[in-house]
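Listing of data_31.txt, compact mmCIF, C-alpha atoms
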```
# COMPACT_ATOMS: atom_id res chain seq x y z
CA GLY A 1 9.30 -20.60 -4.99
CA ASN A 2 10.66 -17.20 -5.88
CA SER A 3 11.49 -14.65 -3.21
CA VAL A 4 13.20 -11.27 -2.83
CA THR A 5 14.86 -10.00 0.35
CA GLN A 6 15.67 -6.32 0.83
CA MET A 7 17.40 -4.53 3.65
CA GLU A 8 15.00 -3.00 6.12
CA GLY A 9 14.62 0.73 6.26
CA PRO A 10 14.36 3.49 6.71
CA VAL A 11 17.72 4.43 5.30
CA THR A 12 18.51 7.99 6.32
CA LEU A 13 21.27 9.90 4.53
CA SER A 14 22.54 13.43 4.07
CA GLU A 15 22.49 14.96 0.62
CA GLU A 16 25.46 13.89 -1.55
CA ALA A 17 26.06 10.72 0.49
CA PHE A 18 26.63 7.34 -1.15
CA LEU A 19 23.66 5.00 -1.24
CA THR A 20 23.50 1.22 -1.20
CA ILE A 21 20.28 -0.74 -0.79
CA ASN A 22 20.89 -4.47 -0.64
CA CYS A 23 18.71 -6.97 -2.49
CA THR A 24 19.11 -10.73 -2.75
CA TYR A 25 16.84 -13.19 -4.46
CA THR A 26 15.88 -16.84 -4.73
CA ALA A 27 14.49 -18.05 -8.02
CA THR A 28 14.31 -21.03 -10.30
CA GLY A 29 15.73 -20.49 -13.76
CA TYR A 30 17.04 -17.14 -14.90
CA PRO A 31 14.80 -14.30 -13.79
CA SER A 32 14.87 -10.67 -14.84
CA LEU A 33 15.56 -8.27 -11.98
CA PHE A 34 14.09 -4.84 -11.39
CA TRP A 35 14.20 -1.85 -9.11
CA TYR A 36 11.02 0.17 -8.81
CA VAL A 37 10.69 3.52 -7.05
CA GLN A 38 7.58 4.89 -5.34
CA TYR A 39 7.59 8.62 -4.64
CA PRO A 40 5.21 9.88 -1.93
CA GLY A 41 1.57 9.68 -3.01
CA GLU A 42 2.36 7.98 -6.30
CA GLY A 43 2.36 4.52 -7.83
CA LEU A 44 5.46 2.46 -8.46
CA GLN A 45 7.53 3.19 -11.55
CA LEU A 46 10.39 1.26 -13.05
CA LEU A 47 13.79 2.69 -12.12
CA LEU A 48 16.07 0.16 -13.81
CA LYS A 49 16.28 -3.47 -14.81
CA ALA A 50 18.68 -6.23 -15.85
CA THR A 51 17.68 -9.33 -17.76
CA LYS A 52 20.75 -11.57 -17.52
CA ALA A 53 23.78 -12.24 -15.36
CA ASP A 54 26.42 -9.46 -15.26
CA ASP A 55 24.05 -6.96 -16.88
CA LYS A 56 24.12 -3.54 -15.29
CA GLY A 57 20.93 -1.49 -15.20
CA SER A 58 21.23 2.26 -14.78
CA ASN A 59 18.97 5.30 -14.70
CA LYS A 60 18.99 8.76 -13.05
CA GLY A 61 22.41 8.07 -11.51
CA PHE A 62 21.28 4.78 -9.95
CA GLU A 63 22.96 1.49 -10.87
CA ALA A 64 22.52 -2.17 -10.08
CA THR A 65 24.41 -5.21 -11.38
CA TYR A 66 22.86 -8.66 -11.77
CA ARG A 67 25.18 -10.97 -9.82
CA LYS A 68 24.22 -14.59 -10.37
CA GLU A 69 27.02 -15.97 -8.19
CA THR A 70 25.78 -14.07 -5.13
CA THR A 71 22.10 -13.91 -6.26
CA SER A 72 22.15 -10.18 -5.64
CA PHE A 73 21.01 -6.98 -7.31
CA HIS A 74 22.12 -4.17 -4.99
CA LEU A 75 21.05 -0.61 -5.81
CA GLU A 76 23.71 2.12 -5.65
CA LYS A 77 23.95 5.84 -6.22
CA GLY A 78 27.09 7.89 -5.77
CA SER A 79 25.47 11.10 -4.54
CA VAL A 80 21.87 11.19 -3.38
CA GLN A 81 19.59 14.21 -3.52
CA VAL A 82 16.62 15.21 -1.38
CA SER A 83 14.42 14.42 -4.39
CA ASP A 84 15.53 10.76 -4.21
CA SER A 85 13.54 10.34 -1.00
CA ALA A 86 11.12 7.52 -1.81
CA VAL A 87 10.46 3.83 -1.25
CA TYR A 88 12.54 1.46 -3.38
CA PHE A 89 11.36 -2.04 -4.30
CA CYS A 90 13.50 -4.84 -5.64
CA ALA A 91 11.59 -7.32 -7.80
CA LEU A 92 12.05 -10.29 -10.06
CA SER A 93 10.10 -11.94 -12.83
CA ALA A 94 10.24 -15.37 -14.41
CA SER A 95 11.68 -15.10 -17.89
CA GLY A 96 9.42 -15.48 -20.91
CA GLY A 97 5.86 -16.89 -21.13
CA SER A 98 3.94 -17.17 -17.89
CA TYR A 99 4.90 -14.40 -15.54
CA ILE A 100 4.37 -13.99 -11.79
CA PRO A 101 6.13 -10.91 -10.40
CA THR A 102 7.69 -11.10 -6.94
CA PHE A 103 8.45 -7.96 -4.92
CA GLY A 104 10.62 -7.32 -1.91
CA ARG A 105 9.17 -5.52 1.11
CA GLY A 106 10.47 -2.11 0.03
CA THR A 107 13.14 0.12 1.58
CA SER A 108 12.31 3.68 2.53
CA LEU A 109 15.04 6.23 1.76
CA ILE A 110 15.04 9.61 3.50
CA VAL A 111 17.56 12.19 2.32
CA HIS A 112 18.16 15.29 4.45
CA PRO A 113 19.51 18.57 3.06
CA ASP B 1 -2.52 10.13 -21.79
CA THR B 2 -2.38 8.16 -18.56
CA ALA B 3 -1.22 4.60 -19.22
CA VAL B 4 -2.89 2.90 -16.23
CA SER B 5 -5.67 4.86 -14.60
CA GLN B 6 -7.63 4.01 -11.48
CA THR B 7 -10.74 5.58 -10.03
CA PRO B 8 -11.45 6.76 -7.47
CA LYS B 9 -8.13 7.98 -6.08
CA TYR B 10 -9.57 8.33 -2.58
CA LEU B 11 -12.44 6.43 -1.03
CA VAL B 12 -13.73 6.88 2.51
CA THR B 13 -16.57 4.65 3.61
CA GLN B 14 -18.22 2.96 6.58
CA MET B 15 -17.73 -0.62 7.70
CA GLY B 16 -20.17 -2.99 6.08
CA ASN B 17 -20.53 -1.00 2.86
CA ASP B 18 -19.79 -2.32 -0.63
CA LYS B 19 -17.45 -0.40 -2.92
CA SER B 20 -15.73 -0.74 -6.29
CA ILE B 21 -12.47 0.48 -7.74
CA LYS B 22 -12.04 0.67 -11.49
CA CYS B 23 -8.89 0.29 -13.55
CA GLU B 24 -8.20 0.85 -17.22
CA GLN B 25 -4.99 0.54 -19.23
CA ASN B 26 -4.36 1.92 -22.70
CA LEU B 27 -1.04 0.16 -23.28
CA GLY B 28 -2.47 -2.81 -25.15
CA HIS B 29 -1.18 -5.18 -22.46
CA ASP B 30 -2.73 -8.60 -22.01
CA THR B 31 -2.27 -9.00 -18.23
CA MET B 32 -3.58 -6.90 -15.36
CA TYR B 33 -3.09 -7.11 -11.61
CA TRP B 34 -4.45 -5.86 -8.33
CA TYR B 35 -2.03 -5.26 -5.46
CA LYS B 36 -2.74 -4.22 -1.88
CA GLN B 37 -0.20 -1.99 -0.11
CA ASP B 38 -0.40 -1.77 3.66
CA SER B 39 0.73 1.05 5.92
CA LYS B 40 4.27 -0.39 6.01
CA LYS B 41 4.42 -0.22 2.21
CA PHE B 42 4.35 -4.00 1.84
CA LEU B 43 2.92 -4.96 -1.57
CA LYS B 44 0.75 -8.04 -1.73
CA ILE B 45 -0.55 -9.41 -5.00
CA MET B 46 -4.25 -10.16 -4.90
CA PHE B 47 -5.34 -11.09 -8.41
CA SER B 48 -4.08 -11.29 -11.94
CA TYR B 49 -5.98 -11.63 -15.20
CA ASN B 50 -4.53 -12.62 -18.55
CA ASN B 51 -6.79 -11.89 -21.52
CA LYS B 52 -9.80 -11.70 -19.19
CA GLU B 53 -9.00 -15.02 -17.50
CA LEU B 54 -8.09 -15.27 -13.84
CA ILE B 55 -4.54 -16.62 -13.48
CA ILE B 56 -3.55 -15.57 -9.96
CA ASN B 57 -5.93 -15.64 -7.03
CA GLU B 58 -3.97 -15.31 -3.83
CA THR B 59 -5.41 -15.95 -0.39
CA VAL B 60 -7.87 -13.11 -0.36
CA PRO B 61 -11.25 -13.09 1.40
CA ASN B 62 -14.07 -13.89 -1.00
CA ARG B 63 -15.52 -10.47 -0.17
CA PHE B 64 -13.10 -9.30 -2.86
CA SER B 65 -14.25 -10.03 -6.38
CA PRO B 66 -12.35 -8.94 -9.48
CA LYS B 67 -14.06 -8.52 -12.82
CA SER B 68 -12.43 -8.12 -16.20
CA PRO B 69 -14.96 -7.14 -18.90
CA ASP B 70 -12.16 -6.93 -21.48
CA LYS B 71 -8.39 -7.07 -21.42
CA ALA B 72 -8.08 -3.31 -20.96
CA HIS B 73 -10.17 -3.20 -17.78
CA LEU B 74 -9.91 -4.87 -14.38
CA ASN B 75 -12.29 -3.77 -11.65
CA LEU B 76 -12.24 -4.70 -7.99
CA HIS B 77 -15.45 -5.00 -5.99
CA ILE B 78 -15.33 -5.31 -2.21
CA ASN B 79 -18.34 -6.42 -0.18
CA SER B 80 -18.97 -5.88 3.51
CA LEU B 81 -15.94 -3.66 4.05
CA GLU B 82 -13.89 -4.17 7.23
CA LEU B 83 -11.44 -1.92 9.04
CA GLY B 84 -8.54 -4.13 7.89
CA ASP B 85 -9.38 -3.42 4.27
CA SER B 86 -8.02 0.10 4.70
CA ALA B 87 -5.01 0.28 2.39
CA VAL B 88 -3.84 1.60 -0.95
CA TYR B 89 -4.88 -0.60 -3.85
CA PHE B 90 -2.76 -0.55 -6.98
CA CYS B 91 -3.70 -1.72 -10.42
CA ALA B 92 -0.89 -2.73 -12.78
CA SER B 93 -0.49 -4.17 -16.24
CA SER B 94 2.15 -6.01 -18.24
CA GLN B 95 2.64 -7.76 -21.54
CA THR B 96 3.40 -11.49 -21.35
CA GLY B 97 4.53 -13.89 -24.02
CA LEU B 98 7.43 -13.51 -26.41
CA THR B 99 7.46 -9.72 -26.02
CA ASN B 100 7.53 -9.98 -22.24
CA THR B 101 10.03 -7.61 -20.66
CA GLY B 102 8.77 -8.38 -17.18
CA GLU B 103 8.05 -4.72 -16.45
CA LEU B 104 4.88 -3.77 -14.65
CA PHE B 105 3.12 -0.45 -15.23
CA PHE B 106 1.29 0.82 -12.18
CA GLY B 107 -1.61 3.14 -11.66
CA GLU B 108 -1.41 5.90 -9.07
CA GLY B 109 -3.28 3.92 -6.47
CA SER B 110 -6.66 4.13 -4.75
CA ARG B 111 -6.52 4.90 -1.06
CA LEU B 112 -9.38 3.18 0.74
CA THR B 113 -10.22 4.23 4.29
CA VAL B 114 -12.82 2.23 6.18
CA LEU B 115 -14.27 3.94 9.27
```

Spell out the structure here as structure tokens.
Amino acid sequence: GNSVTQMEGPVTLSEEAFLTINCTYTATGYPSLFWYVQYPGEGLQLLLKATKADDKGSNKGFEATYRKETTSFHLEKGSVQVSDSAVYFCALSASGGSYIPTFGRGTSLIVHP
Amino acid sequence: DTAVSQTPKYLVTQMGNDKSIKCEQNLGHDTMYWYKQDSKKFLKIMFSYNNKELIINETVPNRFSPKSPDKAHLNLHINSLELGDSAVYFCASSQTGLTNTGELFFGEGSRLTVL
């Protein structure tokens, strides 16, 4: 079956530090990969996505590259802000037709001024 | 206009009571979901409906009963509430088929507290 493994948190950083949150996956076929972000007290919202190998998703300074050879989709940001403090979820979906989304356990990010 | 809306946002109730959470989406999607998020932020899928038909029914106590009157609505009814049901429940929707992008759209969540 499909699965997503994320690094455990919390990840605690100072403002302007470099961020990496690791995500690896197991899936049959060629899934699409996603990062969702959940700000305190809110629902999840899509941060970025990539639908095929070597695609790079990017949004709000965050980036992640779909690496088929290492089955990874690590999230990076060059300089985090206090407002980036949130929980980040890596996820995958089966391509096309029938769709069952699979989420990682989430990684909490805390950014200090 | 809110894309996926859930009501109520907060629900505090006693053990043994029955309660419902409602969800509506105005995105024209054909698939809706209920997720449970525990205190450690772990998201567990509970149910999924595609065009009003149940397609995912994970290992959930039968005290939980989803109902989809039409493809824009998916309600969750919980009987005989227990302390362990305390969590945040999220509704989500997506579009499957040839136009499937795989993206889920989430509501803001309904925080259920059972005393």

Can you tell me, as a compact mmCIF listing (two decimals) with C-alpha atoms, keeping the file's coordinate frame, what residues are no more than 9 Å from His73 in chain B when counting all atoms listed in the file, ignoring any on the same chain fewer than 5 positions away?
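Written output follows (selection.txt):
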```
# COMPACT_ATOMS: atom_id res chain seq x y z
CA LYS B 22 -12.04 0.67 -11.49
CA CYS B 23 -8.89 0.29 -13.55
CA GLU B 24 -8.20 0.85 -17.22
CA GLN B 25 -4.99 0.54 -19.23
CA MET B 32 -3.58 -6.90 -15.36
CA LYS B 52 -9.80 -11.70 -19.19
CA LYS B 67 -14.06 -8.52 -12.82
CA SER B 68 -12.43 -8.12 -16.20
```

Write out as CSV the residues of chain B that have any atom within 12 Å of an atom of chain A, one row each with the nearest atom pair and its distance in Å to one decimal, counting all atoms listed in the file, sorted by chain and then rising number.
```
residue,atom,partner,partner_atom,distance
B:Ala3,CA,A:Gln45,CA,11.7
B:Val4,CA,A:Gly43,CA,10.0
B:Ser5,CA,A:Gly43,CA,10.5
B:Gln6,CA,A:Gly43,CA,10.6
B:Lys9,CA,A:Gly41,CA,10.3
B:Tyr10,CA,A:Gly41,CA,11.2
B:Asp30,CA,A:Tyr99,CA,11.6
B:Thr31,CA,A:Tyr99,CA,9.4
B:Met32,CA,A:Ile100,CA,11.2
B:Tyr33,CA,A:Pro101,CA,10.0
B:Trp34,CA,A:Pro101,CA,11.9
B:Tyr35,CA,A:Phe103,CA,10.8
B:Lys36,CA,A:Gly43,CA,11.7
B:Gln37,CA,A:Arg105,CA,10.1
B:Asp38,CA,A:Arg105,CA,10.6
B:Ser39,CA,A:Arg105,CA,11.7
B:Lys40,CA,A:Arg105,CA,8.6
B:Lys41,CA,A:Gly106,CA,6.7
B:Phe42,CA,A:Arg105,CA,5.1
B:Leu43,CA,A:Arg105,CA,6.8
B:Lys44,CA,A:Phe103,CA,8.3
B:Ile45,CA,A:Thr102,CA,8.6
B:Met46,CA,A:Ile100,CA,11.7
B:Phe47,CA,A:Ile100,CA,10.7
B:Ser48,CA,A:Ile100,CA,8.9
B:Tyr49,CA,A:Ile100,CA,11.1
B:Asn50,CA,A:Ser98,CA,9.6
B:Ile55,CA,A:Ile100,CA,9.4
B:Ile56,CA,A:Ile100,CA,8.3
B:Asn57,CA,A:Ile100,CA,11.5
B:Glu58,CA,A:Ile100,CA,11.6
B:Val88,CA,A:Gly43,CA,9.7
B:Tyr89,CA,A:Gly43,CA,9.7
B:Phe90,CA,A:Gly43,CA,7.3
B:Cys91,CA,A:Gly43,CA,9.1
B:Ala92,CA,A:Leu44,CA,9.3
B:Ser93,CA,A:Pro101,CA,11.1
B:Ser94,CA,A:Tyr99,CA,9.2
B:Gln95,CA,A:Tyr99,CA,9.2
B:Thr96,CA,A:Gly97,CA,5.9
B:Gly97,CA,A:Gly97,CA,4.4
B:Leu98,CA,A:Gly96,CA,6.2
B:Thr99,CA,A:Gly96,CA,7.9
B:Asn100,CA,A:Gly96,CA,6.0
B:Thr101,CA,A:Gly96,CA,7.9
B:Gly102,CA,A:Ser93,CA,5.8
B:Glu103,CA,A:Leu46,CA,7.3
B:Leu104,CA,A:Leu46,CA,7.6
B:Phe105,CA,A:Gln45,CA,6.8
B:Phe106,CA,A:Gly43,CA,5.8
B:Gly107,CA,A:Gly43,CA,5.7
B:Glu108,CA,A:Gly43,CA,4.2
B:Gly109,CA,A:Gly43,CA,5.8
B:Ser110,CA,A:Gly43,CA,9.5
B:Arg111,CA,A:Gly41,CA,9.6
```

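Closest approach to Ser72 in chain A from the set A:Leu13, A:Cys90, A:Leu47, A:Val111 is made by A:Cys90, with distances taken over all atoms listed in the file.
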
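Minimum distance to Tyr39 in chain A across A:Glu8, A:Tyr25, A:Ala86, A:Ile110 (counting all atoms listed in the file) occurs at A:Ala86.
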
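Atom to atom, CA of Thr28 in chain A and CA of Asn51 in chain B stand 25.6 Å apart.
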
The residue from A:Thr20, A:Ser58, A:Ser14, A:Thr26 with the smallest atom-to-atom distance to Gly78 in chain A, counting all atoms listed in the file, is A:Thr20

In Å and to one decimal, CA of Ile21 in chain A is distant from CA of Met7 in chain A by 6.5 Å

Could I get range 41-56 of chain B from the block written as an mmCIF file, in the first residue's frame, with N, CA and C atoms?
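Saved the output as selection00.cif:
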```cif
data_model
loop_
_atom_site.group_PDB
_atom_site.id
_atom_site.type_symbol
_atom_site.label_atom_id
_atom_site.label_comp_id
_atom_site.auth_asym_id
_atom_site.auth_seq_id
_atom_site.Cartn_x
_atom_site.Cartn_y
_atom_site.Cartn_z
ATOM 1 N N LYS B 41 -1.770 15.919 16.134
ATOM 2 C CA LYS B 41 -1.930 16.410 14.762
ATOM 3 C C LYS B 41 -1.983 15.296 13.717
ATOM 4 N N PHE B 42 -2.034 14.038 14.163
ATOM 5 C CA PHE B 42 -2.115 12.942 13.212
ATOM 6 C C PHE B 42 -3.479 12.946 12.549
ATOM 7 N N LEU B 43 -3.477 12.876 11.204
ATOM 8 C CA LEU B 43 -4.712 12.891 10.423
ATOM 9 C C LEU B 43 -5.104 11.473 10.037
ATOM 10 N N LYS B 44 -6.308 11.090 10.384
ATOM 11 C CA LYS B 44 -6.763 9.750 10.026
ATOM 12 C C LYS B 44 -8.019 9.870 9.174
ATOM 13 N N ILE B 45 -7.992 9.242 8.006
ATOM 14 C CA ILE B 45 -9.191 9.290 7.177
ATOM 15 C C ILE B 45 -10.246 8.372 7.786
ATOM 16 N N MET B 46 -11.482 8.843 7.777
ATOM 17 C CA MET B 46 -12.578 8.066 8.328
ATOM 18 C C MET B 46 -13.481 7.543 7.208
ATOM 19 N N PHE B 47 -13.955 8.466 6.392
ATOM 20 C CA PHE B 47 -14.909 8.117 5.333
ATOM 21 C C PHE B 47 -14.634 8.945 4.097
ATOM 22 N N SER B 48 -15.068 8.388 2.952
ATOM 23 C CA SER B 48 -15.067 9.170 1.729
ATOM 24 C C SER B 48 -16.274 8.794 0.902
ATOM 25 N N TYR B 49 -16.901 9.789 0.318
ATOM 26 C CA TYR B 49 -18.050 9.591 -0.561
ATOM 27 C C TYR B 49 -17.720 10.161 -1.927
ATOM 28 N N ASN B 50 -18.088 9.397 -2.956
ATOM 29 C CA ASN B 50 -17.967 9.862 -4.328
ATOM 30 C C ASN B 50 -19.357 9.868 -4.935
ATOM 31 N N ASN B 51 -19.832 11.055 -5.339
ATOM 32 C CA ASN B 51 -21.189 11.162 -5.891
ATOM 33 C C ASN B 51 -22.219 10.458 -5.009
ATOM 34 N N LYS B 52 -22.162 10.742 -3.747
ATOM 35 C CA LYS B 52 -23.093 10.243 -2.730
ATOM 36 C C LYS B 52 -22.912 8.766 -2.388
ATOM 37 N N GLU B 53 -21.916 8.115 -2.958
ATOM 38 C CA GLU B 53 -21.697 6.697 -2.631
ATOM 39 C C GLU B 53 -20.468 6.527 -1.759
ATOM 40 N N LEU B 54 -20.576 5.704 -0.744
ATOM 41 C CA LEU B 54 -19.473 5.472 0.169
ATOM 42 C C LEU B 54 -18.370 4.692 -0.544
ATOM 43 N N ILE B 55 -17.141 5.251 -0.573
ATOM 44 C CA ILE B 55 -16.039 4.541 -1.221
ATOM 45 C C ILE B 55 -14.913 4.206 -0.256
ATOM 46 N N ILE B 56 -14.798 4.917 0.840
ATOM 47 C CA ILE B 56 -13.809 4.595 1.865
ATOM 48 C C ILE B 56 -14.527 4.540 3.195
#
```
